[in-house]
Every structure is written in C-alpha cells, then in structure tokens.
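Q: First, the structure itself, so that you have it in front of you.
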Amino acid sequence: MKIKYYDIRDDLKLYPDCWCYLVWSKRGPGKTYSTLRMCIEDKKKFMFMKRTIEDVNLLCASGVRKDINFDISPFVPLNRDFGWDIKPVKIAKGIAGFYHCNEDGRPAGDPVGYACALSAAKDIKGFDLSECDYMIFDEFIPKRHERINRNEGDQLMDIYMTVSRDRVQRGRGELILICLANATSINNPVFNVLNVIDDAASMDVMNQEYNLQ
C-alpha cells in the first residue's frame with residue numbers, strides 16, 4: 001500500500017487567508033518534515049516552538065554520547081534527503097538558531113529560523129523575531145505521560161501576538177501560526193484557548209478531514 005505523506009503546502013493553498021492551522025494526526029505522515037521543508041525551500045524564516053527549555057537544549061545537544069550518535073534535531077531527515085547541513089545552535093536561554101553549516105560544522109550566515117521554548121516566553125519577547133513568517137508549535141498536544149501546563153495556550157498566544165504585532169508595524173504582514181501534533185487528546189491547552197474542542201470532537205466523530213473556522 002502506498003503511504004500518503006502530508007504536505008503543508010496543500011493546506012496553505014486550500015485556505016490561504018487563515019492565520020492559524022491546527023494539524024493533528026497519527027504519527028508518521030511527515031507533518032514537521034513537510035513544514036520545515038517548505039520554510040527552507042520557500043526561504044521563509046520560522047520560529048520552531050518546543051514546550052520547555054530542556055526540549056530546546058536537547059535539540060542543540062547533538063554529538064556522540066557513549067559511542068552513540070545522538071541528534072534529535074528535526075532537520076536530521078531533511079539533511080539526509082536533500083543534502084543540507086542545517087543545525088541548531090544555542091543563542092540564549094530557551095532560544096537557538098538553525099543555521100546552514102560549513103564543512104567543518106560551523107554556522108554560516110544568518111539563521112534560517114529559530115527554536116524557542118514556550119516556557120521561556122518572557123525571554124523570547126526580549127528578542128526581535130518579527131522577521132519570522134511562520135510560528136510552528138511542534139507537538140502542541142502533550143503526551144499522556146507529560147505534565148500539562150494549563151497556561152500553555154495563553155503563553156502561545158501571548159508570544160504570537162507580540163511577534164505578529166511587531167511584524168505588522170514593520171509592514172511584513174500577519175504571522176502564520178502552524179500547530180502540529182500526533183493525535184492523543186483533544187482536551188489540550190491550545191484547543192482550549194482557541195475554543196475549538198467541540199469542533200475537534202465533531203471532526204473525530206464524523207471522520208472529517210477539514211474544518212474551516
């Protein structure tokens with residue numbers, strides 16, 4: 001059976017006027033892969049949001065650990081498939097930059113995007129991230145074993161409003177928010193703050209692929 005992979009460009013083309021895209025499914029169709037690929041190929045800067053500072057630190061901790069090659073950067077499969085060498089480099093607490101790297105592994109040029117921790121919202125707001133066209137919240141639905149911070153939805157929207165306002169003031173247009181997750185629970189902070197829990201439940205019952213608000 002041929003596997004159908006996800007392509008974020010399809011959703012952007014279908015609904016070009018939306019400011020927020022909520023994408024959740026079973027694991028494996030390539031949600032994060034597709035979204036980051038689009039940003040690089042279309043030369044769009046992005047904020048790659050993770051839940052905690054530790055999540056961002058782990059992205060930047062590639063290397064060899066006890067003879068095991070350890071690299072959980074989301075660009076690992078993209079580097080492999082397209083011959084890129086994009087790596088995250090820590091900039092400050094809860095913030096890293098994604099850079100094209102030289103043959104010696106050193107960053108070259110300006111960052112193509114940023115990795116930011118949602119829990120470092122106050123620190124993030126101290127940086128000028130208005131150049132980012134997309135804000136990507138990866139794994140926005142907490143896993144069942146993870147501790148849920150009920151304020152995550154408010155933190156996300158606080159950062160979004162700050163960056164979006166800065167973009168508009170500089171004549172760059174509205175920031176696009178893309179939230180990606182493997183389906184676990186529709187009762188989560190992001191769905192709650194956006195008031196879409198009932199819509200998500202209805203989509204699940206009706207086996208509905210799209211719901212335009």
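Residues in the structure tokens are named by chain (A, B, ... in the order shown) and by number from 1 within that chain; ligands are numbered from 1 in the order shown.
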Name the residues in contact with Ile53 (chain A) at a cut-off of 7 Å, using only C-alpha atoms, excluding same-chain residues fewer than 4 positions from it; report them as a ChimeraX atom specification.
A: /A:57,94,117,119-120
Q: Those same residues - all heavy atoms - I'd like them written as a PDB file, in the first residue's frame.
A:
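And here is the file that came out, result12.pdb:
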```pdb
ATOM      1  N   ASN A  57      17.289  22.660  24.584  1.00  0.00           N
ATOM      2  CA  ASN A  57      18.650  22.221  24.897  1.00  0.00           C
ATOM      3  C   ASN A  57      18.965  20.874  24.242  1.00  0.00           C
ATOM      4  O   ASN A  57      20.070  20.657  23.731  1.00  0.00           O
ATOM      5  CB  ASN A  57      18.849  22.115  26.408  1.00  0.00           C
ATOM      6  CG  ASN A  57      18.906  23.475  27.090  1.00  0.00           C
ATOM      7  OD1 ASN A  57      19.166  24.480  26.441  1.00  0.00           O
ATOM      8  ND2 ASN A  57      18.656  23.507  28.379  1.00  0.00           N
ATOM      9  N   GLY A  94      16.639  29.147  26.320  1.00  0.00           N
ATOM     10  CA  GLY A  94      15.392  28.809  25.649  1.00  0.00           C
ATOM     11  C   GLY A  94      15.303  29.218  24.203  1.00  0.00           C
ATOM     12  O   GLY A  94      14.238  29.104  23.592  1.00  0.00           O
ATOM     13  N   ALA A 117      11.601  28.031  23.295  1.00  0.00           N
ATOM     14  CA  ALA A 117      10.853  27.301  24.317  1.00  0.00           C
ATOM     15  C   ALA A 117       9.648  28.123  24.754  1.00  0.00           C
ATOM     16  O   ALA A 117       9.776  29.301  25.089  1.00  0.00           O
ATOM     17  CB  ALA A 117      11.750  27.004  25.513  1.00  0.00           C
ATOM     18  N   SER A 119       8.092  27.857  27.451  1.00  0.00           N
ATOM     19  CA  SER A 119       8.231  28.204  28.866  1.00  0.00           C
ATOM     20  C   SER A 119       9.158  29.397  29.085  1.00  0.00           C
ATOM     21  O   SER A 119       9.248  29.912  30.199  1.00  0.00           O
ATOM     22  CB  SER A 119       8.746  26.998  29.664  1.00  0.00           C
ATOM     23  OG  SER A 119      10.015  26.577  29.185  1.00  0.00           O
ATOM     24  N   ALA A 120       9.862  29.820  28.047  1.00  0.00           N
ATOM     25  CA  ALA A 120      10.747  30.992  28.146  1.00  0.00           C
ATOM     26  C   ALA A 120      10.107  32.195  27.471  1.00  0.00           C
ATOM     27  O   ALA A 120      10.781  33.019  26.844  1.00  0.00           O
ATOM     28  CB  ALA A 120      12.103  30.685  27.519  1.00  0.00           C
TER      29      ALA A 120
END
```
Q: Run DSSP on the backbone of this structure and report the residues of region 6-177 of chain A it assigns to strand (DSSP E), as number ranges by chain.
A: A: 20-25, 46-50, 63-65, 68-70, 86-92, 95-100, 113-117, 134-138, 176-177
Q: If I take CA of Asp17 (chain A) and CA of Val190 (chain A), how far is one from the other in Å, to one decimal?
A: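 Distance reported for this atom pair: 20.4 Å.
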Q: Got a sec: who's within 8 Å of Ser130 (chain A), counting only C-alpha atoms, leaving out chain neighbours fewer than 5 positions off, as a list in words?
A: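 Listed by chain and then number, they are Val163, Ser164, Asp166, Arg167 and Arg170 of chain A.
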Q: Can you measure CA of Arg150 (chain A) to CA of Asn187 (chain A) for me? One decimal in Å is fine.
A: 10.7 Å
